[in-house]
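The next block is model_11.cif, given as mmCIF, N, CA, C and O atoms and all ligand atoms.
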data_query
loop_
_atom_site.label_atom_id
_atom_site.label_comp_id
_atom_site.auth_asym_id
_atom_site.auth_seq_id
_atom_site.Cartn_x
_atom_site.Cartn_y
_atom_site.Cartn_z
N MET Z 1 84.75 100.61 75.01
CA MET Z 1 86.08 100.89 75.57
C MET Z 1 86.18 100.31 76.97
O MET Z 1 85.35 100.58 77.83
N THR Z 2 87.20 99.53 77.20
CA THR Z 2 87.35 98.95 78.54
C THR Z 2 88.51 99.62 79.27
O THR Z 2 89.49 100.01 78.66
N THR Z 3 88.37 99.72 80.55
CA THR Z 3 89.44 100.31 81.35
C THR Z 3 90.40 99.21 81.80
O THR Z 3 89.96 98.12 82.14
N PRO Z 4 91.69 99.49 81.78
CA PRO Z 4 92.65 98.49 82.23
C PRO Z 4 92.49 98.22 83.72
O PRO Z 4 92.07 99.10 84.46
N PRO Z 5 92.79 97.02 84.15
CA PRO Z 5 92.62 96.67 85.57
C PRO Z 5 93.59 97.43 86.47
O PRO Z 5 94.79 97.50 86.20
N ALA Z 6 93.04 98.02 87.48
CA ALA Z 6 93.76 98.67 88.58
C ALA Z 6 95.23 99.02 88.37
O ALA Z 6 96.10 98.52 89.05
N LEU Z 7 95.49 99.91 87.42
CA LEU Z 7 96.89 100.32 87.20
C LEU Z 7 97.39 101.27 88.28
O LEU Z 7 98.58 101.41 88.48
N HIS Z 8 96.45 101.92 88.93
CA HIS Z 8 96.87 102.96 89.86
C HIS Z 8 96.89 102.50 91.30
O HIS Z 8 96.91 103.30 92.21
N ARG Z 9 96.88 101.21 91.49
CA ARG Z 9 96.97 100.73 92.87
C ARG Z 9 98.38 100.92 93.39
O ARG Z 9 99.29 101.22 92.64
N GLN Z 10 98.53 100.72 94.65
CA GLN Z 10 99.82 100.93 95.29
C GLN Z 10 100.90 100.08 94.63
O GLN Z 10 100.65 98.96 94.22
N LEU Z 11 102.08 100.65 94.51
CA LEU Z 11 103.17 99.95 93.84
C LEU Z 11 103.54 98.67 94.58
O LEU Z 11 103.71 98.65 95.78
N ASP Z 12 103.66 97.62 93.81
CA ASP Z 12 104.10 96.36 94.38
C ASP Z 12 105.01 95.70 93.35
O ASP Z 12 104.58 95.37 92.26
N VAL Z 13 106.26 95.56 93.69
CA VAL Z 13 107.23 95.02 92.74
C VAL Z 13 106.81 93.66 92.23
O VAL Z 13 107.00 93.34 91.07
N ARG Z 14 106.19 92.85 93.08
CA ARG Z 14 105.79 91.51 92.65
C ARG Z 14 104.70 91.56 91.61
O ARG Z 14 104.53 90.65 90.82
N ALA Z 15 103.92 92.66 91.61
CA ALA Z 15 102.82 92.77 90.66
C ALA Z 15 103.26 93.52 89.41
O ALA Z 15 102.51 93.68 88.49
N CYS Z 16 104.49 93.97 89.40
CA CYS Z 16 104.98 94.79 88.30
C CYS Z 16 105.48 93.92 87.16
O CYS Z 16 106.22 92.97 87.39
N PRO Z 17 105.11 94.24 85.92
CA PRO Z 17 105.60 93.45 84.79
C PRO Z 17 107.12 93.54 84.69
O PRO Z 17 107.67 94.64 84.79
N PRO Z 18 107.80 92.43 84.50
CA PRO Z 18 109.27 92.40 84.45
C PRO Z 18 109.90 93.46 83.55
O PRO Z 18 110.93 94.01 83.93
N PRO Z 19 109.34 93.78 82.40
CA PRO Z 19 109.99 94.81 81.56
C PRO Z 19 110.08 96.17 82.24
O PRO Z 19 110.87 97.01 81.83
N LEU Z 20 109.26 96.37 83.26
CA LEU Z 20 109.27 97.66 83.94
C LEU Z 20 110.16 97.66 85.18
O LEU Z 20 110.32 98.67 85.84
N LEU Z 21 110.75 96.51 85.45
CA LEU Z 21 111.58 96.43 86.65
C LEU Z 21 113.03 96.77 86.36
O LEU Z 21 113.54 96.56 85.27
N GLY Z 22 113.69 97.31 87.36
CA GLY Z 22 115.11 97.60 87.27
C GLY Z 22 115.63 97.71 88.69
O GLY Z 22 114.85 97.68 89.63
N SER Z 23 116.95 97.85 88.84
CA SER Z 23 117.42 97.96 90.21
C SER Z 23 117.42 99.42 90.62
O SER Z 23 117.70 100.31 89.83
N CYS Z 24 117.12 99.63 91.87
CA CYS Z 24 117.08 100.97 92.44
C CYS Z 24 118.45 101.63 92.29
O CYS Z 24 119.48 100.99 92.49
N ALA Z 25 118.45 102.91 91.94
CA ALA Z 25 119.71 103.63 91.71
C ALA Z 25 120.53 103.74 92.99
O ALA Z 25 121.73 104.00 92.94
N ARG Z 26 119.90 103.57 94.12
CA ARG Z 26 120.61 103.80 95.37
C ARG Z 26 120.93 102.49 96.10
O ARG Z 26 122.06 102.29 96.50
N CYS Z 27 119.94 101.62 96.25
CA CYS Z 27 120.18 100.41 97.04
C CYS Z 27 120.28 99.16 96.16
O CYS Z 27 120.58 98.09 96.63
N HIS Z 28 120.02 99.32 94.86
CA HIS Z 28 120.15 98.25 93.87
C HIS Z 28 119.21 97.06 94.12
O HIS Z 28 119.44 95.97 93.62
N ARG Z 29 118.17 97.28 94.86
CA ARG Z 29 117.16 96.25 94.99
C ARG Z 29 116.18 96.41 93.83
O ARG Z 29 116.08 97.50 93.26
N PRO Z 30 115.48 95.34 93.47
CA PRO Z 30 114.51 95.45 92.37
C PRO Z 30 113.44 96.47 92.69
O PRO Z 30 112.91 96.48 93.80
N ALA Z 31 113.15 97.32 91.74
CA ALA Z 31 112.12 98.33 91.94
C ALA Z 31 111.41 98.59 90.62
O ALA Z 31 111.92 98.25 89.55
N HIS Z 32 110.26 99.20 90.71
CA HIS Z 32 109.50 99.56 89.51
C HIS Z 32 110.13 100.84 88.95
O HIS Z 32 109.90 101.92 89.45
N ARG Z 33 110.95 100.68 87.93
CA ARG Z 33 111.72 101.82 87.42
C ARG Z 33 111.10 102.51 86.22
O ARG Z 33 111.31 103.69 86.00
N PHE Z 34 110.45 101.74 85.36
CA PHE Z 34 110.04 102.31 84.07
C PHE Z 34 108.53 102.34 83.92
O PHE Z 34 107.82 101.67 84.67
N GLY Z 35 108.10 103.08 82.93
CA GLY Z 35 106.69 103.13 82.63
C GLY Z 35 105.93 103.99 83.62
O GLY Z 35 106.51 104.72 84.41
N GLU Z 36 104.62 103.85 83.58
CA GLU Z 36 103.78 104.65 84.44
C GLU Z 36 104.04 104.35 85.90
O GLU Z 36 104.01 103.19 86.30
N GLY Z 37 104.30 105.38 86.68
CA GLY Z 37 104.55 105.18 88.11
C GLY Z 37 105.96 104.73 88.40
O GLY Z 37 106.32 104.51 89.55
N GLY Z 38 106.80 104.60 87.37
CA GLY Z 38 108.16 104.15 87.59
C GLY Z 38 109.02 105.24 88.20
O GLY Z 38 108.73 106.42 88.09
N ASN Z 39 110.08 104.84 88.88
CA ASN Z 39 110.98 105.78 89.51
C ASN Z 39 112.34 105.12 89.64
O ASN Z 39 112.41 103.93 89.93
N PRO Z 40 113.44 105.87 89.41
CA PRO Z 40 114.77 105.27 89.52
C PRO Z 40 115.09 104.82 90.94
O PRO Z 40 116.03 104.04 91.14
N LEU Z 41 114.33 105.29 91.89
CA LEU Z 41 114.56 104.88 93.28
C LEU Z 41 113.39 104.05 93.76
O LEU Z 41 112.26 104.29 93.38
N CYS Z 42 113.69 103.09 94.62
CA CYS Z 42 112.61 102.32 95.22
C CYS Z 42 111.90 103.21 96.24
O CYS Z 42 112.44 104.23 96.66
N PRO Z 43 110.69 102.85 96.64
CA PRO Z 43 109.93 103.71 97.55
C PRO Z 43 110.70 104.06 98.82
O PRO Z 43 110.61 105.18 99.30
N ALA Z 44 111.45 103.11 99.36
CA ALA Z 44 112.18 103.37 100.60
C ALA Z 44 113.24 104.45 100.38
O ALA Z 44 113.37 105.38 101.18
N CYS Z 45 113.98 104.34 99.29
CA CYS Z 45 115.03 105.33 99.01
C CYS Z 45 114.43 106.67 98.65
O CYS Z 45 114.96 107.72 99.00
N ARG Z 46 113.32 106.64 97.96
CA ARG Z 46 112.66 107.88 97.58
C ARG Z 46 112.26 108.65 98.84
O ARG Z 46 112.45 109.86 98.94
N GLU Z 47 111.75 107.90 99.79
CA GLU Z 47 111.36 108.51 101.05
C GLU Z 47 112.57 109.12 101.74
O GLU Z 47 112.54 110.23 102.23
N HIS Z 48 113.65 108.38 101.74
CA HIS Z 48 114.90 108.84 102.36
C HIS Z 48 115.39 110.13 101.71
O HIS Z 48 115.71 111.11 102.36
N VAL Z 49 115.40 110.13 100.37
CA VAL Z 49 115.89 111.29 99.62
C VAL Z 49 114.98 112.50 99.85
O VAL Z 49 115.44 113.62 100.03
N GLU Z 50 113.68 112.23 99.86
CA GLU Z 50 112.75 113.33 100.08
C GLU Z 50 112.92 113.91 101.47
O GLU Z 50 112.90 115.12 101.67
N ALA Z 51 113.12 113.07 102.44
CA ALA Z 51 113.30 113.53 103.82
C ALA Z 51 114.58 114.35 103.91
O ALA Z 51 114.62 115.39 104.58
N ALA Z 52 115.63 113.92 103.24
CA ALA Z 52 116.91 114.64 103.28
C ALA Z 52 116.78 115.97 102.55
O ALA Z 52 117.39 116.96 102.95
N GLY Z 53 115.98 115.99 101.46
CA GLY Z 53 115.84 117.22 100.69
C GLY Z 53 115.03 118.29 101.40
O GLY Z 53 115.10 119.45 101.04
N ARG Z 54 114.29 117.88 102.39
CA ARG Z 54 113.45 118.84 103.10
C ARG Z 54 114.24 119.69 104.12
O ARG Z 54 113.73 120.64 104.62
N ARG Z 55 115.46 119.29 104.40
CA ARG Z 55 116.19 120.00 105.44
C ARG Z 55 116.76 121.32 104.94
O ARG Z 55 117.12 121.46 103.81
ZN ZN F 101 116.39 101.73 96.97
#
Hey, can you dump this file as structure tokens for me?
Amino acid sequence: MTTPPALHRQLDVRACPPPLLGSCARCHRPAHRFGEGGNPLCPACREHVEAAGRR
């Protein structure tokens, strides 16, 4: 059994397979939306939303 190469490294849109890419729900820039580690928001927007939610 072989382990897949570094799937859990830091998110990098350029390293993300195109089928997993989509535009961010907030800023519409390309982001890793689907699959493992995917999120409808890009990291920048996620940070913004999390910061706003903490208030
Ligand atoms: Zn965004």
Environment of ligand ZN 101 (chain F) within 6 Å, counting only N, CA, C and O atoms and all ligand atoms, reported as a list in words: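 The residues within 6 Å of ligand ZN 101 (chain F), counting only N, CA, C and O atoms and all ligand atoms, are Cys24, Ala25, Arg26, Cys27, His28, Arg29, Leu41, Cys42, Pro43, Ala44, Cys45 and Arg46 of chain Z.
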Prev. selection, N, CA, C and O atoms, output as a PDB file, in the coordinates of the input:
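Final file, part_4.pdb:
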ATOM      1  N   CYS Z  24     117.120  99.630  91.870  1.00  0.00           N
ATOM      2  CA  CYS Z  24     117.080 100.970  92.440  1.00  0.00           C
ATOM      3  C   CYS Z  24     118.450 101.630  92.290  1.00  0.00           C
ATOM      4  O   CYS Z  24     119.480 100.990  92.490  1.00  0.00           O
ATOM      5  N   ALA Z  25     118.450 102.910  91.940  1.00  0.00           N
ATOM      6  CA  ALA Z  25     119.710 103.630  91.710  1.00  0.00           C
ATOM      7  C   ALA Z  25     120.530 103.740  92.990  1.00  0.00           C
ATOM      8  O   ALA Z  25     121.730 104.000  92.940  1.00  0.00           O
ATOM      9  N   ARG Z  26     119.900 103.570  94.120  1.00  0.00           N
ATOM     10  CA  ARG Z  26     120.610 103.800  95.370  1.00  0.00           C
ATOM     11  C   ARG Z  26     120.930 102.490  96.100  1.00  0.00           C
ATOM     12  O   ARG Z  26     122.060 102.290  96.500  1.00  0.00           O
ATOM     13  N   CYS Z  27     119.940 101.620  96.250  1.00  0.00           N
ATOM     14  CA  CYS Z  27     120.180 100.410  97.040  1.00  0.00           C
ATOM     15  C   CYS Z  27     120.280  99.160  96.160  1.00  0.00           C
ATOM     16  O   CYS Z  27     120.580  98.090  96.630  1.00  0.00           O
ATOM     17  N   HIS Z  28     120.020  99.320  94.860  1.00  0.00           N
ATOM     18  CA  HIS Z  28     120.150  98.250  93.870  1.00  0.00           C
ATOM     19  C   HIS Z  28     119.210  97.060  94.120  1.00  0.00           C
ATOM     20  O   HIS Z  28     119.440  95.970  93.620  1.00  0.00           O
ATOM     21  N   ARG Z  29     118.170  97.280  94.860  1.00  0.00           N
ATOM     22  CA  ARG Z  29     117.160  96.250  94.990  1.00  0.00           C
ATOM     23  C   ARG Z  29     116.180  96.410  93.830  1.00  0.00           C
ATOM     24  O   ARG Z  29     116.080  97.500  93.260  1.00  0.00           O
ATOM     25  N   LEU Z  41     114.330 105.290  91.890  1.00  0.00           N
ATOM     26  CA  LEU Z  41     114.560 104.880  93.280  1.00  0.00           C
ATOM     27  C   LEU Z  41     113.390 104.050  93.760  1.00  0.00           C
ATOM     28  O   LEU Z  41     112.260 104.290  93.380  1.00  0.00           O
ATOM     29  N   CYS Z  42     113.690 103.090  94.620  1.00  0.00           N
ATOM     30  CA  CYS Z  42     112.610 102.320  95.220  1.00  0.00           C
ATOM     31  C   CYS Z  42     111.900 103.210  96.240  1.00  0.00           C
ATOM     32  O   CYS Z  42     112.440 104.230  96.660  1.00  0.00           O
ATOM     33  N   PRO Z  43     110.690 102.850  96.640  1.00  0.00           N
ATOM     34  CA  PRO Z  43     109.930 103.710  97.550  1.00  0.00           C
ATOM     35  C   PRO Z  43     110.700 104.060  98.820  1.00  0.00           C
ATOM     36  O   PRO Z  43     110.610 105.180  99.300  1.00  0.00           O
ATOM     37  N   ALA Z  44     111.450 103.110  99.360  1.00  0.00           N
ATOM     38  CA  ALA Z  44     112.180 103.370 100.600  1.00  0.00           C
ATOM     39  C   ALA Z  44     113.240 104.450 100.380  1.00  0.00           C
ATOM     40  O   ALA Z  44     113.370 105.380 101.180  1.00  0.00           O
ATOM     41  N   CYS Z  45     113.980 104.340  99.290  1.00  0.00           N
ATOM     42  CA  CYS Z  45     115.030 105.330  99.010  1.00  0.00           C
ATOM     43  C   CYS Z  45     114.430 106.670  98.650  1.00  0.00           C
ATOM     44  O   CYS Z  45     114.960 107.720  99.000  1.00  0.00           O
ATOM     45  N   ARG Z  46     113.320 106.640  97.960  1.00  0.00           N
ATOM     46  CA  ARG Z  46     112.660 107.880  97.580  1.00  0.00           C
ATOM     47  C   ARG Z  46     112.260 108.650  98.840  1.00  0.00           C
ATOM     48  O   ARG Z  46     112.450 109.860  98.940  1.00  0.00           O
TER      49      ARG Z  46
END
What does the distance from atom O of Z:Ala15 to atom N of Z:Pro40 come to in Å, to one decimal?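 Separating atom O of Z:Ala15 from atom N of Z:Pro40 is a distance of 16.4 Å.
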Separation of atom CA of Z:Phe34 from atom C of Z:Arg54, in Å and rounded to one decimal: 26.9 Å
Could you tell me how far atom N of Z:Glu47 sits from atom O of Z:Arg33, in Å to one decimal place?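 Separating atom O of Z:Arg33 from atom N of Z:Glu47 is a distance of 14.4 Å.
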Within 8 Å of (110.0, 94.6, 90.5) (file coordinates; all atoms listed in the file), which protein or nucleic acid residues are there? I'd like them as a list in words.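 Residues with an atom close enough to that point: Asp12, Val13, Arg14, Ala15, Cys16, Pro17, Pro18, Leu20, Leu21, Gly22, Ser23, Arg29, Pro30, Ala31, His32 and Arg33 of chain Z.
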